[in-house]
Structure formats: C-alpha cells, structure tokens
$ cat final_26.txt   # compact mmCIF, C-alpha atoms and all ligand atoms
# COMPACT_ATOMS: atom_id res chain seq x y z
CA MET A 20 -6.38 -48.13 20.41
CA ALA A 21 -3.36 -46.34 21.88
CA PRO A 22 -3.86 -42.68 22.78
CA SER A 23 -1.26 -41.58 20.22
CA ASP A 24 -3.18 -43.34 17.46
CA GLU A 25 -6.36 -41.56 18.49
CA VAL A 26 -4.55 -38.25 18.23
CA LYS A 27 -3.32 -39.23 14.80
CA ASP A 28 -6.90 -40.05 13.79
CA VAL A 29 -8.06 -36.62 14.90
CA GLU A 30 -5.30 -35.02 12.89
CA LYS A 31 -6.18 -37.11 9.88
CA THR A 32 -9.81 -36.01 10.16
CA LEU A 33 -8.67 -32.40 10.47
CA PHE A 34 -6.75 -32.59 7.20
CA GLU A 35 -9.70 -34.34 5.56
CA LYS A 36 -12.07 -31.54 6.59
CA LEU A 37 -9.63 -29.00 5.17
CA SER A 38 -9.32 -30.88 1.90
CA ALA A 39 -13.09 -31.04 1.61
CA ASN A 40 -13.49 -27.32 2.44
CA ASP A 41 -15.89 -28.45 5.15
CA ALA A 42 -16.37 -25.37 7.35
CA ASP A 43 -18.78 -26.97 9.82
CA GLY A 44 -16.63 -30.06 10.11
CA LEU A 45 -13.59 -27.88 10.77
CA LYS A 46 -15.46 -25.87 13.42
CA ASN A 47 -16.43 -29.06 15.24
CA ILE A 48 -12.99 -30.55 15.21
CA LEU A 49 -11.44 -27.31 16.45
CA LEU A 50 -13.63 -27.60 19.54
CA LEU A 51 -11.77 -30.74 20.60
CA ASN A 52 -9.29 -30.15 23.39
CA ASP A 53 -6.56 -32.60 22.60
CA ILE A 54 -5.86 -31.51 19.06
CA ASN A 55 -2.42 -30.30 18.10
CA ILE A 56 -3.28 -27.37 15.89
CA ASP A 57 0.25 -27.25 14.48
CA CYS A 58 0.41 -30.94 13.55
CA VAL A 59 1.84 -31.76 10.14
CA ASP A 60 0.78 -34.07 7.33
CA GLU A 61 3.01 -36.41 5.33
CA ASN A 62 4.49 -33.38 3.49
CA GLY A 63 5.31 -31.57 6.71
CA MET A 64 2.50 -29.06 6.17
CA THR A 65 0.43 -27.65 9.03
CA PRO A 66 -3.33 -27.12 8.73
CA LEU A 67 -2.66 -23.37 8.43
CA GLN A 68 -0.26 -23.94 5.55
CA HIS A 69 -2.89 -26.04 3.83
CA VAL A 70 -5.53 -23.35 3.93
CA CYS A 71 -3.01 -20.68 2.89
CA TYR A 72 -2.07 -22.81 -0.08
CA LYS A 73 -5.73 -22.64 -1.08
CA GLY A 74 -5.95 -18.94 -0.26
CA ASN A 75 -8.78 -19.63 2.20
CA LYS A 76 -8.90 -16.59 4.47
CA GLU A 77 -11.87 -17.73 6.58
CA PHE A 78 -10.30 -21.06 7.46
CA ALA A 79 -7.00 -19.35 8.21
CA GLN A 80 -8.78 -17.01 10.60
CA MET A 81 -10.42 -19.97 12.37
CA LEU A 82 -7.07 -21.71 12.79
CA LEU A 83 -5.31 -18.57 14.02
CA ASP A 84 -8.15 -17.92 16.48
CA ARG A 85 -7.62 -21.47 17.76
CA GLY A 86 -3.95 -20.58 18.41
CA ALA A 87 -2.19 -21.86 15.30
CA ASP A 88 1.46 -20.78 15.09
CA VAL A 89 1.80 -18.71 11.94
CA ASN A 90 5.47 -19.67 11.54
CA ALA A 91 5.12 -23.39 12.28
CA GLY A 92 5.63 -26.15 9.73
CA LYS A 93 8.14 -28.70 8.47
CA HIS A 94 7.55 -28.38 4.77
CA GLU A 95 10.11 -30.25 2.73
CA SER A 96 11.02 -27.13 0.72
CA SER A 97 10.80 -24.82 3.73
CA TYR A 98 7.73 -22.95 2.51
CA THR A 99 5.98 -20.98 5.23
CA ALA A 100 2.28 -20.19 5.49
CA LEU A 101 3.12 -16.73 4.14
CA HIS A 102 4.85 -18.26 1.11
CA PHE A 103 1.68 -20.21 0.34
CA ALA A 104 -0.57 -17.20 0.92
CA ALA A 105 1.62 -15.06 -1.34
CA LEU A 106 1.43 -17.70 -4.06
CA SER A 107 -2.34 -17.93 -3.69
CA GLY A 108 -2.61 -14.21 -4.47
CA ASN A 109 -4.95 -13.48 -1.56
CA VAL A 110 -3.88 -10.05 -0.33
CA GLU A 111 -6.04 -10.02 2.80
CA LEU A 112 -4.77 -13.42 3.80
CA CYS A 113 -1.19 -12.13 3.53
CA GLN A 114 -2.13 -9.15 5.69
CA MET A 115 -3.75 -11.44 8.25
CA LEU A 116 -0.66 -13.64 8.52
CA LEU A 117 1.67 -10.64 8.79
CA ALA A 118 -0.49 -9.16 11.54
CA ALA A 119 -0.28 -12.52 13.31
CA GLY A 120 3.53 -12.30 13.27
CA ALA A 121 4.52 -14.13 10.08
CA LYS A 122 8.22 -13.68 9.38
CA SER A 123 8.43 -12.04 5.98
CA HIS A 124 12.20 -12.59 5.73
CA ALA A 125 11.92 -16.40 5.96
CA THR A 126 13.24 -18.08 2.83
CA ASN A 127 12.36 -21.39 1.21
CA SER A 128 14.83 -24.04 0.10
CA VAL A 129 15.76 -22.03 -2.99
CA GLY A 130 16.40 -18.91 -0.92
CA ARG A 131 13.25 -17.01 -1.89
CA THR A 132 11.14 -14.97 0.50
CA ALA A 133 7.34 -14.95 0.29
CA SER A 134 7.30 -11.62 -1.52
CA GLN A 135 9.87 -12.83 -4.03
CA MET A 136 7.71 -15.88 -4.74
CA ALA A 137 4.66 -13.64 -5.15
CA ALA A 138 6.61 -11.47 -7.61
CA PHE A 139 7.72 -14.59 -9.45
CA VAL A 140 4.13 -15.62 -10.18
CA GLY A 141 2.91 -12.07 -10.77
CA ASN A 142 0.85 -11.59 -7.60
CA HIS A 143 1.92 -8.00 -7.44
CA SER A 144 -0.49 -6.77 -4.79
CA CYS A 145 0.84 -9.43 -2.42
CA VAL A 146 4.39 -8.23 -3.08
CA VAL A 147 3.39 -4.69 -2.15
CA VAL A 148 1.49 -5.74 0.96
CA ILE A 149 4.35 -7.90 2.26
CA ASN A 150 7.10 -5.39 1.51
CA ASN A 151 5.15 -2.52 3.06
CA PHE A 152 3.98 -4.33 6.15
CA VAL A 153 4.54 -2.51 9.42
CA PRO A 154 3.40 -4.09 12.71
CA LYS A 155 0.98 -1.97 14.70
CA SER A 156 3.37 -2.23 17.66
CA THR A 157 5.85 -0.06 15.76
CA ILE A 158 3.38 2.83 15.95
CA ASP A 159 2.19 1.97 19.46
CA TYR A 160 5.76 2.42 20.69
CA TYR A 161 5.37 6.16 20.15
CA THR A 162 2.19 6.35 22.22
CA GLN A 163 4.23 5.80 25.40
CA PRO A 164 6.72 8.24 26.90
CA HIS A 165 10.33 7.03 26.60
CA ASP A 166 13.54 8.08 28.32
CA LEU A 167 13.08 11.57 29.68
CA GLU A 168 9.85 12.35 27.87
CA THR A 169 6.98 13.59 29.99
CA GLU A 170 4.44 12.88 27.29
CA PRO A 171 4.38 10.48 24.36
CA LYS A 172 5.17 11.62 20.83
CA LEU A 173 1.79 10.46 19.55
CA PRO A 174 -1.60 10.43 21.27
CA THR A 175 -3.00 6.89 21.48
CA ILE A 176 -6.09 7.94 19.56
CA ALA A 177 -3.97 8.74 16.48
CA ALA A 178 -2.08 5.43 16.43
CA SER A 179 -4.64 3.31 14.57
CA PRO A 180 -5.39 5.87 11.84
CA LEU A 181 -1.66 6.45 11.32
CA HIS A 182 -1.08 2.71 11.05
CA LYS A 183 -3.90 2.46 8.53
CA LEU A 184 -2.36 5.25 6.48
CA ILE A 185 1.03 3.54 6.48
CA MET A 186 -0.45 0.23 5.35
CA GLN A 187 -2.40 1.84 2.53
CA VAL A 188 -1.17 0.55 -0.80
CA ASN A 189 -2.41 3.43 -2.96
CA ILE A 190 0.00 6.27 -2.19
CA HIS A 191 -1.56 8.85 -4.52
CA PRO A 192 -1.58 12.19 -2.63
CA VAL A 193 -5.34 12.50 -3.14
CA ARG A 194 -5.95 9.06 -1.63
CA VAL A 195 -3.63 9.88 1.27
CA ALA A 196 -5.53 13.13 1.86
CA LEU A 197 -8.90 11.36 1.78
CA THR A 198 -7.69 8.86 4.37
CA VAL A 199 -6.50 11.69 6.61
CA GLN A 200 -9.81 13.51 6.15
CA LYS A 201 -11.69 10.47 7.45
CA SER A 202 -9.79 10.56 10.73
CA PRO A 203 -10.14 13.69 12.85
CA ALA A 204 -7.67 12.18 15.35
CA LEU A 205 -5.00 12.13 12.67
CA LEU A 206 -5.99 15.42 11.06
CA ASP A 207 -5.69 17.18 14.43
CA ASN A 208 -2.27 15.67 15.15
CA ILE A 209 -0.45 16.05 11.84
CA PRO A 210 2.71 17.70 13.22
CA ARG A 211 3.11 14.90 15.76
CA ALA A 212 2.39 12.21 13.19
CA CYS A 213 5.04 13.80 10.92
CA LYS A 214 7.57 13.63 13.73
CA VAL A 215 6.82 9.93 14.27
CA LEU A 216 7.05 9.19 10.53
CA ASP A 217 10.39 11.01 10.34
CA LEU A 218 11.73 8.93 13.22
CA MET A 219 10.49 5.75 11.56
CA CYS A 220 12.11 6.86 8.30
CA GLU A 221 15.43 7.24 10.10
CA LYS A 222 15.08 3.90 11.92
CA GLU A 223 14.56 1.98 8.66
CA MET A 224 17.83 3.35 7.30
CA LYS A 225 19.77 2.30 10.37
CA ARG A 226 19.01 -1.39 10.45
CA GLY A 227 22.34 -2.52 9.05
CA GLN A 228 21.74 -5.63 6.96
CA GLU A 229 17.98 -5.22 7.23
CA THR A 230 17.90 -1.60 6.09
CA ASN A 231 14.71 -1.04 4.14
CA GLU A 232 15.11 1.97 1.91
CA VAL A 233 11.71 1.47 0.28
CA LEU A 234 9.91 1.66 3.59
CA SER A 235 12.11 4.50 4.76
CA PHE A 236 11.22 6.51 1.67
CA LYS A 237 7.54 5.68 2.11
CA PHE A 238 7.59 7.14 5.63
CA HIS A 239 9.39 10.23 4.36
CA TYR A 240 6.84 10.58 1.57
CA LEU A 241 3.81 10.26 3.87
CA SER A 242 5.30 12.73 6.32
CA PHE A 243 5.85 15.16 3.47
CA ILE A 244 2.30 14.79 2.13
CA ILE A 245 0.52 15.19 5.45
CA ALA A 246 2.75 18.16 6.31
CA ALA A 247 1.56 19.74 3.06
CA ILE A 248 -2.05 19.15 4.16
CA GLU A 249 -1.26 20.82 7.48
CA LYS A 250 -0.02 23.87 5.57
CA CYS A 251 -3.45 24.15 3.96
CA LYS A 252 -5.08 24.79 7.32
CA PRO A 253 -6.24 28.41 7.67
CA LYS A 254 -3.69 30.45 9.58
CA PRO A 255 -4.85 31.98 12.84
CA GLY A 256 -4.66 35.75 13.02
CA LYS A 257 -5.90 36.28 9.51
CA LYS A 258 -9.48 36.65 10.60
CA GLY A 259 -9.79 40.15 9.20
CA GLU A 260 -9.14 38.88 5.69
CA LYS A 261 -11.97 38.77 3.29
CA ASP A 262 -13.50 35.38 2.75
CA ASP A 263 -13.09 34.57 -0.92
CA GLY A 264 -15.80 31.95 -0.66
CA SER A 265 -13.43 29.06 -1.38
CA SER A 266 -13.46 25.89 0.65
CA LYS A 267 -11.71 26.13 3.99
CA ASP A 268 -11.41 22.42 4.57
CA PRO A 269 -7.62 21.91 4.45
CA VAL A 270 -7.98 18.51 2.80
CA GLU A 271 -10.16 19.95 0.04
CA VAL A 272 -7.75 22.85 -0.48
CA PHE A 273 -4.88 20.37 -0.72
CA ILE A 274 -6.70 18.08 -3.16
CA LYS A 275 -7.57 21.01 -5.42
CA ARG A 276 -3.93 22.06 -5.52
CA ILE A 277 -2.86 18.52 -6.33
CA LEU A 278 -5.37 18.12 -9.15
CA GLN A 279 -4.96 21.59 -10.63
CA THR A 280 -3.48 21.45 -14.12
CA ASP A 281 -1.70 24.00 -16.28
CA SER A 282 -2.73 24.85 -19.87
CA ASN A 283 -1.08 21.65 -21.12
CA GLY A 284 -3.07 19.49 -18.75
CA VAL A 285 -0.05 18.84 -16.53
CA PRO A 286 -0.66 18.88 -12.76
CA ASP A 287 2.15 21.37 -12.24
CA TYR A 288 1.75 22.00 -8.51
CA GLN A 289 1.69 18.27 -7.84
CA GLU A 290 4.78 17.70 -9.96
CA LYS A 291 6.69 20.48 -8.26
CA MET A 292 5.68 19.29 -4.81
CA LEU A 293 6.60 15.66 -5.41
CA ARG A 294 9.97 16.55 -6.89
CA GLU A 295 10.60 18.57 -3.78
CA CYS A 296 9.65 15.48 -1.75
CA ILE A 297 12.20 13.32 -3.58
CA ARG A 298 14.83 16.03 -3.16
CA GLY A 299 14.10 16.21 0.53
CA PHE A 300 14.80 12.52 1.24
CA PRO A 301 17.69 12.78 3.70
CA TYR A 302 19.48 9.51 2.81
CA ARG A 303 21.21 10.34 -0.42
CA GLU A 304 23.56 7.39 -0.62
CA GLY A 305 20.83 4.79 -1.22
CA ALA A 306 20.20 2.92 -4.46
CA LEU A 307 16.49 3.68 -4.46
CA LEU A 308 16.98 7.44 -4.46
CA ARG A 309 19.54 7.08 -7.24
CA GLN A 310 17.00 5.17 -9.31
CA MET A 311 14.31 7.77 -8.74
CA VAL A 312 16.57 10.66 -9.61
CA ALA A 313 17.82 8.89 -12.71
CA SER A 314 14.25 8.10 -13.86
CA LEU A 315 13.27 11.74 -13.53
CA ALA A 316 16.38 12.94 -15.31
CA HIS A 317 15.84 10.72 -18.35
CA GLU A 318 12.94 11.78 -20.50
CA ASN A 319 12.30 8.36 -22.01
CA SER A 320 12.49 6.25 -18.89
CA GLY A 321 8.80 5.43 -19.16
CA CYS A 322 8.06 7.59 -16.14
CA ASP A 323 6.42 10.80 -17.15
CA SER A 324 5.77 12.20 -13.71
CA ALA A 325 7.25 12.40 -10.24
CA LEU A 326 4.17 10.57 -9.00
CA SER A 327 4.80 7.58 -11.24
CA VAL A 328 8.47 7.55 -10.19
CA ILE A 329 7.48 7.56 -6.52
CA ALA A 330 4.77 4.95 -6.94
CA MET A 331 7.27 2.81 -8.80
CA ALA A 332 9.81 3.20 -6.03
CA ILE A 333 7.38 2.34 -3.27
CA ASN A 334 5.08 -0.17 -4.92
CA GLY A 335 7.11 -1.62 -7.74
CA HIS A 336 7.05 -1.27 -11.45
CA GLN A 337 3.55 -2.19 -12.52
CA MET A 338 1.67 -0.13 -10.03
CA GLY A 339 3.95 2.77 -10.76
CA ARG A 340 2.84 2.59 -14.35
CA GLN A 341 -0.75 2.48 -13.31
CA VAL A 342 -0.68 5.68 -11.33
CA ARG A 343 -0.60 7.99 -14.29
CA PRO A 344 -2.64 11.13 -14.10
CA GLY A 345 -4.08 12.31 -17.39
CA ALA A 346 -4.14 8.79 -18.77
CA ASP A 347 -7.35 9.49 -20.67
CA LYS A 348 -5.44 11.77 -22.99
CA ASP A 349 -2.88 9.22 -24.10
CA GLY A 350 -5.05 6.46 -25.39
CA GLY A 351 -6.37 5.02 -22.17
CA LYS A 352 -3.07 3.57 -20.97
CA GLY A 353 -4.19 3.87 -17.41
CA GLU A 354 -7.50 2.16 -18.02
CA GLY A 355 -9.33 1.20 -14.88
CA LEU A 356 -7.79 3.88 -12.68
CA CYS A 357 -9.61 6.63 -10.86
CA GLU A 358 -8.67 9.89 -12.56
CA ALA A 359 -8.53 11.73 -9.24
CA CYS A 360 -6.94 9.34 -6.75
CA GLY A 361 -5.42 6.65 -8.95
CA ASP A 362 -7.35 3.90 -7.21
CA TRP A 363 -7.37 0.56 -8.98
CA ASP A 364 -8.90 -1.65 -6.31
CA LYS A 365 -12.52 -1.02 -7.05
CA PRO A 366 -14.12 -1.14 -10.45
CA CYS A 367 -14.28 2.48 -11.59
CA LYS A 368 -17.30 4.11 -13.23
CA ALA A 369 -17.11 6.37 -16.25
CA CYS A 370 -18.20 10.00 -16.19
CA SER A 371 -21.81 9.92 -17.38
CA ARG A 372 -21.21 12.77 -19.84
CA CYS A 373 -18.07 11.79 -21.75
CA LYS A 374 -18.31 8.08 -20.84
CA LYS A 375 -14.54 8.08 -20.81
CA THR A 376 -12.93 9.43 -17.67
CA LEU A 377 -13.10 7.01 -14.75
CA TYR A 378 -13.70 7.59 -11.05
CA CYS A 379 -13.68 5.28 -8.04
CA GLY A 380 -16.62 7.15 -6.54
CA LYS A 381 -18.73 10.28 -6.51
CA GLU A 382 -16.39 11.97 -4.07
CA CYS A 383 -13.45 11.76 -6.48
CA GLN A 384 -15.61 12.82 -9.40
CA ARG A 385 -16.74 15.88 -7.48
CA PHE A 386 -13.16 16.84 -6.56
CA HIS A 387 -11.96 16.44 -10.11
CA TRP A 388 -14.80 18.23 -11.90
CA PHE A 389 -13.13 21.65 -11.84
CA VAL A 390 -10.35 20.17 -13.98
CA HIS A 391 -12.33 17.65 -15.95
CA LYS A 392 -15.01 20.11 -17.09
CA LYS A 393 -12.44 21.75 -19.37
CA THR A 394 -12.09 18.60 -21.47
CA CYS A 395 -15.34 16.72 -20.83
CA THR A 396 -17.31 16.54 -24.05
CA PRO A 397 -20.47 14.47 -24.42
CA ALA A 398 -19.85 11.06 -25.91
CA PRO A 399 -20.89 11.00 -29.61
CA ASP A 400 -22.52 7.56 -29.47
CA PRO A 401 -26.00 7.88 -28.00
CA THR A 402 -26.64 4.13 -27.55
CA PRO A 403 -28.55 4.12 -24.31
CA ALA A 404 -27.32 0.65 -23.28
CA LYS A 405 -24.72 1.44 -20.60
CA LYS A 406 -26.57 2.95 -17.74
CA GLU A 407 -24.66 4.52 -14.88
CA ALA A 408 -24.65 2.08 -12.03
CA GLU A 409 -24.16 3.07 -8.43
CA VAL A 410 -20.56 2.92 -7.35
CA PRO A 411 -20.19 -0.12 -5.11
CA LYS A 412 -19.22 0.64 -1.56
CA THR A 413 -17.05 -2.36 -0.88
CA ALA A 414 -14.01 -3.36 -2.84
CA GLU A 415 -14.98 -6.88 -3.79
CA ALA A 416 -12.41 -6.67 -6.51
CA THR A 417 -9.61 -7.09 -3.99
CA GLU A 418 -10.34 -10.79 -3.86
CA GLN A 419 -9.61 -11.06 -7.53
CA GLN A 420 -6.25 -12.32 -8.62
CA GLU A 421 -3.99 -9.61 -9.99
CA THR A 422 -3.34 -10.08 -13.66
CA LEU A 423 -0.11 -8.12 -13.63
CA SER A 424 2.91 -10.10 -14.51
CA GLU A 425 6.16 -8.21 -14.12
CA PRO A 426 7.75 -8.47 -10.71
CA GLY A 427 8.50 -5.20 -8.96
CA PRO A 428 11.96 -4.03 -8.05
CA ALA A 429 11.48 -4.50 -4.30
CA LYS A 430 15.06 -4.68 -3.05
CA THR A 431 17.52 -2.66 -5.00
CA GLU A 432 20.90 -3.62 -6.29
CA LYS A 433 24.61 -3.21 -5.77
CA PRO A 434 26.66 -1.24 -3.30
CA LYS A 435 27.24 2.37 -4.20
CA SER A 436 30.48 4.19 -4.74
CA GLU A 437 31.47 7.73 -3.85
CA SER A 438 31.02 8.88 -7.42
CA ASP A 439 27.47 7.50 -7.52
CA VAL A 440 26.58 9.61 -4.52
CA GLU A 441 28.10 12.62 -6.22
CA ALA A 442 26.17 11.92 -9.41
CA THR A 443 22.94 11.62 -7.44
CA THR A 444 23.61 14.87 -5.64
CA SER A 445 24.28 16.74 -8.87
CA GLN A 446 21.20 15.21 -10.49
CA LEU A 447 19.19 16.23 -7.47
CA LYS A 448 20.24 19.78 -8.13
CA ASP A 449 19.02 19.46 -11.71
CA LEU A 450 15.64 18.49 -10.36
CA GLU A 451 15.12 21.94 -8.92
CA CYS A 452 12.08 23.40 -10.58
CA LYS A 453 12.61 26.50 -12.62
ZN ZN B 501 -10.76 8.06 -6.61
ZN ZN B 502 -16.56 13.60 -18.49

$ encode --input "final_26.txt" --output "structure tokens"
Amino acid sequence: MAPSDEVKDVEKTLFEKLSANDADGLKNILLLNDINIDCVDENGMTPLQHVCYKGNKEFAQMLLDRGADVNAGKHESSYTALHFAALSGNVELCQMLLAAGAKSHATNSVGRTASQMAAFVGNHSCVVVINNFVPKSTIDYYTQPHDLETEPKLPTIAASPLHKLIMQVNIHPVRVALTVQKSPALLDNIPRACKVLDLMCEKEMKRGQETNEVLSFKFHYLSFIIAAIEKCKPKPGKKGEKDDGSSKDPVEVFIKRILQTDSNGVPDYQEKMLRECIRGFPYREGALLRQMVASLAHENSGCDSALSVIAMAINGHQMGRQVRPGADKDGGKGEGLCEACGDWDKPCKACSRCKKTLYCGKECQRFHWFVHKKTCTPAPDPTPAKKEAEVPKTAEATEQQETLSEPGPAKTEKPKSESDVEATTSQLKDLECK
C-alpha cells in the first residue's frame, strides 16, 4: 500500500469514529502522528466541521486541542465550523470556536454569516453570543503601557473579570452588578475599567465598514452601569455622619436603587438612569440610537421600559422582550425570568409564599424582597404537591435549544440623513425626565 493510501485510510477511520460518536476511538486516532487534522471528506468538510454540525462540544475541544484550524474547510457551500455550530444551537460551542479565532464575518455561498444563519433558524442565544464576541486580547491590550504611558490603563488582574463582564449575555443592571460584586479586582478598579470601556466604545465606532454600533453601545452601557456602582461607594470624609444602619456594600446599595419601585410598581430610578444612559451615548448619528430613541418616544412600540429598549438593542428582539421587570403583574408575559435580574438561563423557582414570582436564586430573592413583600400574597390553592426545590447551581439549561423564533435586528439598516440626526437629537431632548 502506498503511503498516501495509508493516510487516506487513517482519515477515513477518523470520519468513521466521528460519525459513530466514538470518543475513545477518536482519542486513539488523535494520538497518531501522521494524521492531517484538517483533512476533508467528500463534501469538503473537516473533522471539526463535522462535530460542529452535530453540536458536539467535547469532540470539538479534542480536535482544537490537537491543533485543528478553526477556519479550515472546503465545504461546497462555504460553510465554516462556526456556521455549523450556530446552526446546531450550541452556545458554548460557538463561544469555544470564537475564542479559538473563528472568523465571525465569514459568509457562506448565499452571503450569510454564522450569526445570520443562527437567526434564520431561531437559535437566538447563538446570535447574541456571536454578535457580542470580543477576543480577550482586546482587553489585554490595555494591560500594557502604550506610547508615552508609564503605566497601563488597566491592571492585569482586572482584565479577565472585565472580559467576563463584556461577554455576559444578560445585561440587566442587577446581573451586571452581581458579576462586579464577585470580582474584587474589578470592583476596586471601576474608574479604570470605565476608561477602557469608553475607549473600546469609541474604537468600535471608528472601524469604517466594520463599525459595530451594537457593540459600541454595549461598552457605553456597561461603563455607565459600573460607574453608577462606583458612585454608591461611601464617600471618604463623611465619617462623622450617623450610620443609618443601611447596607454599605456599594453593589447592594446600587441593586436596591435599581429595584426600588414607585407607588405604581414602576422602577422609577432604574428608568431614569437608563434613559440617561441612552442619552449619554456619544455617537448620535447611528441607526441603533435612532431606533432606541424612537422606541422610547412611541408609547405602543411594545417596549415599555428603557431596559427593554436597551436589551433589544444589544441582544435583539426576543431577549429584549424577555427582560421585562414587573412581568408578574401583566399576566405572566415574562414567564421564566428572574424578577430581580432578568435571568433566563437557569430554571427559575417560584417564591414559596405566592408561588408566582420567579427568582434565579436565593440571592436575587433576598435582594428583591423589600419590593416584593408589598405585593406578595399567599397562594390561595393549598395543594401541597409542588415542594420548593433547591435552586440548581449550574445552568444545565444552557445546553437546551432556544425555542425562540424571531431573528434579532443585529445589524441595522440604511444610511442616515442630516434630518434623521436632527430628529434623533430633538427626540433625545424629549427623553429628559421631568
Ligand atoms: Zn436573578
Ligand atoms: Zn411572593
């Protein structure tokens, strides 16, 4: 047998092991030295593309560890591994490929990117993950001094937590605050993290053809939120003041302000703050800002809060609709969401008293109690059946396929004219809170 035929046999076996989902067989064959990990089958698909097609994260990891090129392949319709992963609906797999350098702008033979294909089949979480992906190196850049700087803009220790915050899909202010709270490195460096986010916001708007207004606004939003947390830190020099006994943890102070509602059950502070955030976005000529301002100006746009407008802008339509505080009052439209942080990843548990209001965990329930206790009435039906289960720690639900079907807006439309900018500016003025 000629050496080239032997190689072909190895490749054939490799594809057979993949087809059979044979993990041990795959492990063994990956130990062989002479295997071309980026070989292609009769359809021009690499082993990595095969496993992405099946949404098999573990196999994908094994192939990447063995050096598989995430952008390789000769598929007849120019699908990439990321296209297949996006179609499979496996969010973590998409994240893994992006972290390995998958080109999210690559298009298939009908000119669709991976995120557009994911939107097409309703894999909305994949759309969000792909459109919001930021390589860690983007943050790491700021941990080194550049030009005439004597020290970097961001301490190295804060880079990973900031990256994690940026990649977080749930942008609810409470969820952002809880992420910040879990990282002392970030909490201690908020002003510097804000500076970095502001620079990243600017950079995204100056990419010419590749300008990403969604990402730019997301950076602006996160900078705005963490700056608001910073403002909740106790001011030095006020030591003489009487302790009113309230919590001094800045994150807890912030969360209480965000969740506080007025007599109509509207989170008024939150609404005011988020409108201010939209108003403060420095790039007023963009289509995204115009959409947000227009949604807020029109009462019946389907967006009843600044939070839902922002979530819609950043994460696309469906998730925007999901993040709806006070959903328990309007017939359970936001079913499945945590009342405090808007989380939808994990299965939420109902309040044991009213059996109605949902929380992603005890922490959120505790934060929200000062608001919820005003409306929490014991459930009338005493059937003992549904016992309160412990809130699961891991989000196994993330593996589940999203059942949402409408594609998000992702990239926004048409070029803008002078008058559009003027209209946006005047509408922005109308947004001022009385
Ligand atoms: Zn929650
Ligand atoms: Zn309750």

$ residues_around --input "final_26.txt" --residues "range 26-36 of chain A" --least-positions-apart "3" --cutoff "7 Å" --atoms "all atoms listed in the file" --output "number ranges by chain"
A: 22-23, 39-41, 44-45, 48, 54, 66

$ residues_near_ligand --input "final_26.txt" --ligand "ligand ZN 501 (chain B)" --cutoff "9 Å" --atoms "only C-alpha atoms and all ligand atoms" --output "ChimeraX atom specification"
/A:193-194,356-363,367,377-384

$ residues_near_ligand --input "final_26.txt" --ligand "ligand ZN 502 (chain B)" --cutoff "6 Å" --atoms "all atoms listed in the file" --output "count of residues only"
5

$ residues_around --input "final_26.txt" --residues "Ala119 in chain A" --least-positions-apart "5" --cutoff "12 Å" --atoms "only C-alpha atoms" --output "count of residues only"
20

$ residues_around --input "final_26.txt" --residues "range 286-290 of chain A" --least-positions-apart "6" --cutoff "9 Å" --atoms "all atoms listed in the file" --output "list in words"
Pro192, Arg276, Ile277, Leu278, Gln279, Thr280, Ser324, Ala325, Leu326, Pro344 and Gly345 of chain A

$ atom_distance --input "final_26.txt" --atom1 "CA of Met311 in chain A" --atom2 "CA of His124 in chain A"
25.1 Å

$ atom_distance --input "final_26.txt" --atom1 "CA of Gln68 in chain A" --atom2 "CA of Glu95 in chain A"
12.5 Å

$ atom_distance --input "final_26.txt" --atom1 "CA of Gln310 in chain A" --atom2 "CA of Arg294 in chain A"
13.6 Å

$ closest_residue --input "final_26.txt" --among "A:Ser96, A:Pro399, A:His165, A:Ser38" --to "Gly63 in chain A" --atoms "all atoms listed in the file"
A:Ser96

$ closest_residue --input "final_26.txt" --among "A:Ala212, A:Cys220, A:Ala138, A:Cys251" --to "His239 in chain A" --atoms "only C-alpha atoms"
A:Cys220

$ closest_residue --input "final_26.txt" --among "A:Phe238, A:Tyr161, A:Asp60, A:Ala369" --to "Gln187 in chain A" --atoms "only C-alpha atoms"
A:Phe238

$ closest_residue --input "final_26.txt" --among "A:Ile190, A:Cys58, A:Ile245, A:Val70" --to "Ala42 in chain A" --atoms "all atoms listed in the file"
A:Val70
